[in-house]
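Engineer: Sharing input15.cif here; it has mmCIF, C-alpha atoms and all ligand atoms.
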data_work
loop_
_atom_site.group_PDB
_atom_site.id
_atom_site.type_symbol
_atom_site.label_atom_id
_atom_site.label_comp_id
_atom_site.auth_asym_id
_atom_site.auth_seq_id
_atom_site.Cartn_x
_atom_site.Cartn_y
_atom_site.Cartn_z
ATOM 1 C CA MET A 863 -83.687 -125.108 -116.682
ATOM 2 C CA LEU A 864 -80.396 -124.209 -118.286
ATOM 3 C CA LYS A 865 -80.036 -123.537 -121.980
ATOM 4 C CA ILE A 866 -76.733 -125.022 -123.023
ATOM 5 C CA LYS A 867 -75.048 -124.152 -126.288
ATOM 6 C CA CYS A 868 -73.389 -127.241 -127.703
ATOM 7 C CA PRO A 869 -70.483 -126.017 -129.879
ATOM 8 C CA TYR A 870 -71.619 -128.491 -132.550
ATOM 9 C CA CYS A 871 -75.451 -128.283 -132.404
ATOM 10 C CA GLY A 872 -76.305 -124.906 -130.893
ATOM 11 C CA ASP A 873 -78.724 -124.069 -128.050
ATOM 12 C CA ARG A 874 -80.475 -127.025 -126.436
ATOM 13 C CA ASP A 875 -82.269 -127.753 -123.162
ATOM 14 C CA GLU A 876 -80.210 -128.964 -120.228
ATOM 15 C CA THR A 877 -82.075 -132.292 -120.261
ATOM 16 C CA GLU A 878 -80.184 -133.299 -123.436
ATOM 17 C CA PHE A 879 -76.838 -133.211 -121.640
ATOM 18 C CA SER A 880 -74.906 -135.078 -119.018
ATOM 19 C CA TYR A 881 -72.446 -133.389 -116.677
ATOM 20 C CA GLY A 882 -68.932 -134.813 -116.774
ATOM 21 C CA GLY A 883 -67.108 -133.013 -113.998
ATOM 22 C CA GLU A 884 -64.292 -130.534 -114.025
ATOM 23 C CA ALA A 885 -62.535 -129.962 -117.358
ATOM 24 C CA HIS A 886 -58.830 -129.924 -118.128
ATOM 25 C CA ILE A 887 -57.765 -132.389 -115.433
ATOM 26 C CA GLU A 888 -54.271 -133.583 -116.309
ATOM 27 C CA ARG A 889 -53.677 -137.311 -115.934
ATOM 28 C CA PRO A 890 -50.236 -138.212 -114.582
ATOM 29 C CA ASP A 891 -47.945 -139.420 -117.383
ATOM 30 C CA SER A 892 -46.903 -142.570 -115.521
ATOM 31 C CA PRO A 893 -49.638 -143.578 -113.078
ATOM 32 C CA SER A 894 -47.608 -146.510 -111.729
ATOM 33 C CA GLU A 895 -44.840 -144.125 -110.703
ATOM 34 C CA VAL A 896 -46.906 -141.636 -108.705
ATOM 35 C CA SER A 897 -47.611 -142.032 -105.011
ATOM 36 C CA ASP A 898 -50.943 -143.324 -103.761
ATOM 37 C CA GLU A 899 -51.663 -139.851 -102.401
ATOM 38 C CA ALA A 900 -50.959 -138.200 -105.768
ATOM 39 C CA TRP A 901 -53.065 -140.786 -107.607
ATOM 40 C CA GLY A 902 -55.908 -140.332 -105.123
ATOM 41 C CA ALA A 903 -55.705 -136.563 -105.568
ATOM 42 C CA TYR A 904 -55.910 -137.021 -109.342
ATOM 43 C CA LEU A 905 -58.939 -139.313 -109.094
ATOM 44 C CA PHE A 906 -60.914 -137.605 -106.372
ATOM 45 C CA GLY A 907 -59.428 -134.222 -105.467
ATOM 46 C CA ARG A 908 -61.629 -131.525 -106.975
ATOM 47 C CA PRO A 909 -61.969 -128.017 -105.570
ATOM 48 C CA ASN A 910 -65.765 -127.758 -106.146
ATOM 49 C CA LYS A 911 -65.360 -124.017 -105.904
ATOM 50 C CA LYS A 912 -68.033 -121.378 -106.049
ATOM 51 C CA GLY A 913 -67.576 -119.169 -109.097
ATOM 52 C CA LEU A 914 -66.218 -119.700 -112.586
ATOM 53 C CA MET A 915 -65.571 -123.337 -113.412
ATOM 54 C CA ARG A 916 -64.554 -125.081 -116.614
ATOM 55 C CA GLU A 917 -66.706 -128.191 -116.910
ATOM 56 C CA ARG A 918 -67.062 -131.174 -119.233
ATOM 57 C CA TRP A 919 -70.487 -131.910 -120.692
ATOM 58 C CA PHE A 920 -71.709 -134.680 -122.962
ATOM 59 C CA HIS A 921 -74.495 -134.102 -125.492
ATOM 60 C CA VAL A 922 -76.304 -137.380 -124.839
ATOM 61 C CA HIS A 923 -79.432 -136.670 -126.887
ATOM 62 C CA GLY A 924 -77.715 -134.844 -129.725
ATOM 63 C CA CYS A 925 -74.334 -135.194 -131.371
ATOM 64 C CA ARG A 926 -73.004 -137.472 -128.582
ATOM 65 C CA ARG A 927 -69.813 -135.451 -128.296
ATOM 66 C CA TRP A 928 -67.940 -134.119 -125.291
ATOM 67 C CA PHE A 929 -67.297 -130.388 -125.006
ATOM 68 C CA ASN A 930 -66.479 -127.855 -122.309
ATOM 69 C CA LEU A 931 -68.391 -125.035 -120.667
ATOM 70 C CA LEU A 932 -67.299 -122.087 -118.606
ATOM 71 C CA ARG A 933 -70.031 -121.697 -115.996
ATOM 72 C CA ASP A 934 -70.471 -119.574 -112.896
ATOM 73 C CA THR A 935 -71.514 -122.106 -110.264
ATOM 74 C CA SER A 936 -72.839 -119.393 -107.951
ATOM 75 C CA ASN A 937 -75.691 -118.459 -110.312
ATOM 76 C CA HIS A 938 -75.522 -121.053 -113.147
ATOM 77 C CA THR A 939 -74.652 -118.420 -115.753
ATOM 78 C CA ILE A 940 -72.963 -120.042 -118.729
ATOM 79 C CA ILE A 941 -70.244 -117.768 -120.047
ATOM 80 C CA GLY A 942 -69.394 -119.863 -123.084
ATOM 81 C CA SER A 943 -68.778 -123.285 -124.531
ATOM 82 C CA TYR A 944 -66.001 -124.712 -126.649
ATOM 83 C CA THR A 945 -64.819 -127.990 -128.114
ATOM 84 C CA ALA A 946 -62.739 -130.395 -126.072
ATOM 85 C CA LEU A 947 -59.699 -129.589 -128.219
ATOM 86 C CA GLU A 948 -59.759 -125.886 -127.335
ATOM 87 C CA LYS A 949 -59.038 -123.899 -124.198
ATOM 88 C CA PRO A 950 -59.965 -120.276 -124.834
ATOM 89 C CA SER A 951 -59.210 -117.745 -122.136
ATOM 90 C CA ILE A 952 -61.980 -116.525 -119.860
ATOM 91 C CA ALA A 953 -61.649 -113.084 -121.481
ATOM 92 C CA GLU A 954 -62.188 -114.619 -124.931
ATOM 93 C CA LEU A 955 -65.276 -116.520 -123.758
ATOM 94 C CA LYS A 956 -66.724 -113.421 -122.076
ATOM 95 C CA LYS A 957 -66.075 -111.391 -125.234
ATOM 96 C CA GLU A 958 -67.901 -114.010 -127.361
ATOM 97 C CA SER A 959 -70.743 -114.070 -124.855
ATOM 98 C CA ARG A 960 -71.190 -110.289 -125.014
ATOM 99 C CA LYS A 961 -71.355 -110.461 -128.802
ATOM 100 C CA GLY A 962 -74.016 -113.155 -128.498
ATOM 101 C CA GLY A 963 -71.812 -115.444 -130.451
ATOM 102 C CA ALA A 964 -70.769 -117.915 -127.789
ATOM 103 C CA LYS A 965 -70.334 -121.299 -129.344
HETATM 104 ZN ZN ZN B 1001 -74.258 -131.464 -129.782
#
As a first step, turn the structure in this file into structure tokens.
Structural biologist:
Amino acid sequence: MLKIKCPYCGDRDETEFSYGGEAHIERPDSPSEVSDEAWGAYLFGRPNKKGLMRERWFHVHGCRRWFNLLRDTSNHTIIGSYTALEKPSIAELKKESRKGGAK
């Protein structure tokens, strides 16, 4: 079971959270003006890559807030977490993780 550090509540068991997909997906400014292919790519096109991924998580059984994680999908290692309003670099998250101070 994963231990996930909510940036608001601290370390909690994975069972308290709900996965929300890839983070930082940009919605087209004018959906009615994009092609069907571009809209479909926005809705459904996700790389699902193996390695470092920025993901959205929801703390269902806690603060009920959305936040983001940087996680290595090849081994489930969580590098760090941060609020939905932030986007720290991978280097910053790794640095925080090494200090044991990941949010
Ligand atoms: Zn929380």
Engineer: With the cut-off set at 6 Å and counting only C-alpha atoms and all ligand atoms, tabulate each residue of chain A with an atom at most that distance from an atom of ligand ZN 1001 (chain B), showing the nearest atom pair and its distance in Å to one decimal, ordered by chain and increasing number, as a tab-separated table.
Structural biologist:
residue	atom	partner	partner_atom	distance
A:Cys868	CA	B:ZN1001	ZN	4.8
A:Tyr870	CA	B:ZN1001	ZN	4.8
A:Cys871	CA	B:ZN1001	ZN	4.3
A:His921	CA	B:ZN1001	ZN	5.0
A:Gly924	CA	B:ZN1001	ZN	4.8
A:Cys925	CA	B:ZN1001	ZN	4.1
Engineer: Could you tell me which of A:Glu948, A:Asp875, A:Glu917, A:Gly942 comes closest to Arg960 (chain A) if we count only C-alpha atoms?
Structural biologist: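 The closest residue to Arg960 (chain A) is A:Gly942.
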Engineer: When the PyMOL selection byres (((chain A and resi 930) around 7) and not hetatm) is applied to the file above, which residues end up in the set, as a list in words?
Structural biologist: Ala885, Arg916, Glu917, Arg918, Trp919, Phe929, Leu931, Leu932, Ser943, Tyr944, Thr945 and Ala946 of chain A
Engineer: Starting from the shown file, work through the PyMOL selection byres (((chain A and resi 956-958) around 12) and not hetatm) and note down what comes out as number ranges by chain.
Structural biologist: A: 914, 931-934, 939-944, 950-955, 959-965
Engineer: Write out as a list in words each polymer residue whose atoms come within 9 Å of Thr877 (chain A), counting all atoms listed in the file; drop sequence neighbours fewer than 5 positions from it.
Structural biologist: Met863, Leu864, Val922 and His923 of chain A
Engineer: Could you tell me how far CA of Glu876 (chain A) lies from CA of Lys912 (chain A), in Å and to one decimal?
Structural biologist: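 Pair CA of Glu876 (chain A) / CA of Lys912 (chain A) returns 20.2 Å.
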Engineer: Figure out the distance between CA of Arg889 (chain A) and CA of Arg926 (chain A), please, to one decimal in Å.
Structural biologist: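 If I compute the distance from CA of Arg926 (chain A) to CA of Arg889 (chain A), I get 23.1 Å.
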Engineer: List as a ChimeraX atom specification the protein and nucleic acid residues near Asp891 (chain A), meaning an atom at most 12 Å away when all atoms listed in the file are counted, but skip any in the same chain fewer than 5 places from it.
Structural biologist: /A:896,901,904
Engineer: Selection from above, C-alpha atoms, as a short mmCIF file (atom, residue, chain, number, x, y, z; two decimals), in the frame of the given file, can you write it?
Structural biologist:
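Output (result-v7.cif):
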data_model
loop_
_atom_site.label_atom_id
_atom_site.label_comp_id
_atom_site.auth_asym_id
_atom_site.auth_seq_id
_atom_site.Cartn_x
_atom_site.Cartn_y
_atom_site.Cartn_z
CA VAL A 896 -46.91 -141.64 -108.70
CA TRP A 901 -53.06 -140.79 -107.61
CA TYR A 904 -55.91 -137.02 -109.34
#
Engineer: Return as JSON the box centre and box size in Å, one decimal, for an axis-aligned box around all listed atoms of region 895-902 of chain A padded by 5 Å per side.
Structural biologist:
{"center_x": -50.4, "center_y": -141.2, "center_z": -106.6, "size_x": 21.1, "size_y": 15.9, "size_z": 18.3}
Engineer: For Ile866 (chain A), which residue out of A:Gly882, A:Pro909, A:Lys949, A:His938 is the nearest one, using all atoms listed in the file?
Structural biologist: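 Closest to Ile866 (chain A), using all atoms listed in the file: A:His938.
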Engineer: Using all atoms listed in the file, pick whichever of A:Gly913, A:Leu947, A:Pro869, A:Ala903 has the shortest atom-to-atom distance to His886 (chain A).
Structural biologist: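 Among the listed residues, A:Leu947 lies closest to His886 (chain A).
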Engineer: If you measure from CA of Trp928 (chain A) to CA of Gly907 (chain A), what distance in Å do you get, rounded to one decimal?
Structural biologist: 21.6 Å
Engineer: Counting all atoms listed in the file, which residue out of A:Leu905, A:Phe920, A:Ser936, A:Lys867 sits closest to Tyr881 (chain A)?
Structural biologist: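 So, comparing all the options, the nearest one is A:Phe920.
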Engineer: Reconstruct all heavy atoms of region 907-918 of chain A from the incomplete input and present them as a PDB file, keeping the file's coordinate frame.
Structural biologist:
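Output (selection12.pdb):
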ATOM      1  N   GLY A 907     -59.637-135.566-106.008  1.00  0.00           N
ATOM      2  CA  GLY A 907     -59.428-134.222-105.467  1.00  0.00           C
ATOM      3  C   GLY A 907     -59.905-133.135-106.414  1.00  0.00           C
ATOM      4  O   GLY A 907     -59.252-132.818-107.402  1.00  0.00           O
ATOM      5  N   ARG A 908     -61.082-132.609-106.153  1.00  0.00           N
ATOM      6  CA  ARG A 908     -61.629-131.525-106.975  1.00  0.00           C
ATOM      7  C   ARG A 908     -61.999-130.375-106.046  1.00  0.00           C
ATOM      8  O   ARG A 908     -62.566-130.598-104.979  1.00  0.00           O
ATOM      9  CB  ARG A 908     -62.867-131.986-107.749  1.00  0.00           C
ATOM     10  CG  ARG A 908     -62.634-133.163-108.666  1.00  0.00           C
ATOM     11  CD  ARG A 908     -61.728-132.792-109.837  1.00  0.00           C
ATOM     12  NE  ARG A 908     -61.539-133.902-110.729  1.00  0.00           N
ATOM     13  CZ  ARG A 908     -60.493-134.727-110.702  1.00  0.00           C
ATOM     14  NH1 ARG A 908     -59.533-134.548-109.825  1.00  0.00           N
ATOM     15  NH2 ARG A 908     -60.400-135.711-111.551  1.00  0.00           N
ATOM     16  N   PRO A 909     -61.727-129.150-106.471  1.00  0.00           N
ATOM     17  CA  PRO A 909     -61.969-128.017-105.570  1.00  0.00           C
ATOM     18  C   PRO A 909     -63.444-127.711-105.332  1.00  0.00           C
ATOM     19  O   PRO A 909     -63.799-127.184-104.304  1.00  0.00           O
ATOM     20  CB  PRO A 909     -61.273-126.850-106.274  1.00  0.00           C
ATOM     21  CG  PRO A 909     -61.233-127.245-107.720  1.00  0.00           C
ATOM     22  CD  PRO A 909     -61.120-128.744-107.731  1.00  0.00           C
ATOM     23  N   ASN A 910     -64.326-128.031-106.280  1.00  0.00           N
ATOM     24  CA  ASN A 910     -65.765-127.758-106.146  1.00  0.00           C
ATOM     25  C   ASN A 910     -65.998-126.323-105.686  1.00  0.00           C
ATOM     26  O   ASN A 910     -66.749-126.054-104.753  1.00  0.00           O
ATOM     27  CB  ASN A 910     -66.416-128.736-105.166  1.00  0.00           C
ATOM     28  CG  ASN A 910     -67.921-128.732-105.285  1.00  0.00           C
ATOM     29  OD1 ASN A 910     -68.471-128.396-106.326  1.00  0.00           O
ATOM     30  ND2 ASN A 910     -68.597-129.090-104.201  1.00  0.00           N
ATOM     31  N   LYS A 911     -65.314-125.402-106.348  1.00  0.00           N
ATOM     32  CA  LYS A 911     -65.360-124.017-105.904  1.00  0.00           C
ATOM     33  C   LYS A 911     -66.618-123.293-106.384  1.00  0.00           C
ATOM     34  O   LYS A 911     -67.261-123.703-107.351  1.00  0.00           O
ATOM     35  CB  LYS A 911     -64.117-123.282-106.379  1.00  0.00           C
ATOM     36  CG  LYS A 911     -64.049-123.073-107.872  1.00  0.00           C
ATOM     37  CD  LYS A 911     -62.792-122.317-108.243  1.00  0.00           C
ATOM     38  CE  LYS A 911     -62.773-122.066-109.737  1.00  0.00           C
ATOM     39  NZ  LYS A 911     -61.589-121.356-110.174  1.00  0.00           N
ATOM     40  N   LYS A 912     -66.912-122.242-105.687  1.00  0.00           N
ATOM     41  CA  LYS A 912     -68.033-121.378-106.049  1.00  0.00           C
ATOM     42  C   LYS A 912     -67.488-120.283-106.956  1.00  0.00           C
ATOM     43  O   LYS A 912     -66.553-119.586-106.593  1.00  0.00           O
ATOM     44  CB  LYS A 912     -68.637-120.773-104.774  1.00  0.00           C
ATOM     45  CG  LYS A 912     -69.849-119.915-105.012  1.00  0.00           C
ATOM     46  CD  LYS A 912     -70.376-119.406-103.671  1.00  0.00           C
ATOM     47  CE  LYS A 912     -71.595-118.545-103.871  1.00  0.00           C
ATOM     48  NZ  LYS A 912     -72.095-118.031-102.585  1.00  0.00           N
ATOM     49  N   GLY A 913     -68.048-120.181-108.154  1.00  0.00           N
ATOM     50  CA  GLY A 913     -67.576-119.169-109.097  1.00  0.00           C
ATOM     51  C   GLY A 913     -67.353-119.795-110.455  1.00  0.00           C
ATOM     52  O   GLY A 913     -67.982-120.785-110.816  1.00  0.00           O
ATOM     53  N   LEU A 914     -66.461-119.220-111.229  1.00  0.00           N
ATOM     54  CA  LEU A 914     -66.218-119.700-112.586  1.00  0.00           C
ATOM     55  C   LEU A 914     -65.520-121.059-112.587  1.00  0.00           C
ATOM     56  O   LEU A 914     -64.497-121.232-111.931  1.00  0.00           O
ATOM     57  CB  LEU A 914     -65.373-118.691-113.368  1.00  0.00           C
ATOM     58  CG  LEU A 914     -66.044-117.363-113.700  1.00  0.00           C
ATOM     59  CD1 LEU A 914     -65.069-116.453-114.447  1.00  0.00           C
ATOM     60  CD2 LEU A 914     -67.307-117.573-114.521  1.00  0.00           C
ATOM     61  N   MET A 915     -66.134-121.990-113.297  1.00  0.00           N
ATOM     62  CA  MET A 915     -65.571-123.337-113.412  1.00  0.00           C
ATOM     63  C   MET A 915     -65.610-123.765-114.873  1.00  0.00           C
ATOM     64  O   MET A 915     -66.580-123.509-115.581  1.00  0.00           O
ATOM     65  CB  MET A 915     -66.398-124.350-112.612  1.00  0.00           C
ATOM     66  CG  MET A 915     -66.263-124.248-111.119  1.00  0.00           C
ATOM     67  SD  MET A 915     -64.714-124.933-110.504  1.00  0.00           S
ATOM     68  CE  MET A 915     -64.898-126.654-110.945  1.00  0.00           C
ATOM     69  N   ARG A 916     -64.551-124.443-115.292  1.00  0.00           N
ATOM     70  CA  ARG A 916     -64.554-125.081-116.614  1.00  0.00           C
ATOM     71  C   ARG A 916     -65.024-126.511-116.392  1.00  0.00           C
ATOM     72  O   ARG A 916     -64.446-127.231-115.579  1.00  0.00           O
ATOM     73  CB  ARG A 916     -63.163-125.049-117.233  1.00  0.00           C
ATOM     74  CG  ARG A 916     -62.716-123.645-117.630  1.00  0.00           C
ATOM     75  CD  ARG A 916     -61.301-123.673-118.190  1.00  0.00           C
ATOM     76  NE  ARG A 916     -60.803-122.347-118.465  1.00  0.00           N
ATOM     77  CZ  ARG A 916     -60.850-121.767-119.675  1.00  0.00           C
ATOM     78  NH1 ARG A 916     -61.375-122.419-120.699  1.00  0.00           N
ATOM     79  NH2 ARG A 916     -60.369-120.561-119.848  1.00  0.00           N
ATOM     80  N   GLU A 917     -66.075-126.892-117.127  1.00  0.00           N
ATOM     81  CA  GLU A 917     -66.706-128.191-116.910  1.00  0.00           C
ATOM     82  C   GLU A 917     -66.830-128.971-118.209  1.00  0.00           C
ATOM     83  O   GLU A 917     -66.967-128.384-119.282  1.00  0.00           O
ATOM     84  CB  GLU A 917     -68.128-127.991-116.350  1.00  0.00           C
ATOM     85  CG  GLU A 917     -68.175-127.186-115.090  1.00  0.00           C
ATOM     86  CD  GLU A 917     -69.593-126.826-114.690  1.00  0.00           C
ATOM     87  OE1 GLU A 917     -70.460-126.664-115.577  1.00  0.00           O
ATOM     88  OE2 GLU A 917     -69.828-126.701-113.484  1.00  0.00           O
ATOM     89  N   ARG A 918     -66.827-130.299-118.088  1.00  0.00           N
ATOM     90  CA  ARG A 918     -67.062-131.174-119.233  1.00  0.00           C
ATOM     91  C   ARG A 918     -68.545-131.515-119.287  1.00  0.00           C
ATOM     92  O   ARG A 918     -69.169-131.767-118.256  1.00  0.00           O
ATOM     93  CB  ARG A 918     -66.249-132.470-119.098  1.00  0.00           C
ATOM     94  CG  ARG A 918     -64.767-132.229-119.046  1.00  0.00           C
ATOM     95  CD  ARG A 918     -64.014-133.518-118.980  1.00  0.00           C
ATOM     96  NE  ARG A 918     -64.076-134.103-120.323  1.00  0.00           N
ATOM     97  CZ  ARG A 918     -64.161-135.402-120.555  1.00  0.00           C
ATOM     98  NH1 ARG A 918     -64.170-136.252-119.579  1.00  0.00           N
ATOM     99  NH2 ARG A 918     -64.234-135.857-121.784  1.00  0.00           N
TER     100      ARG A 918
END
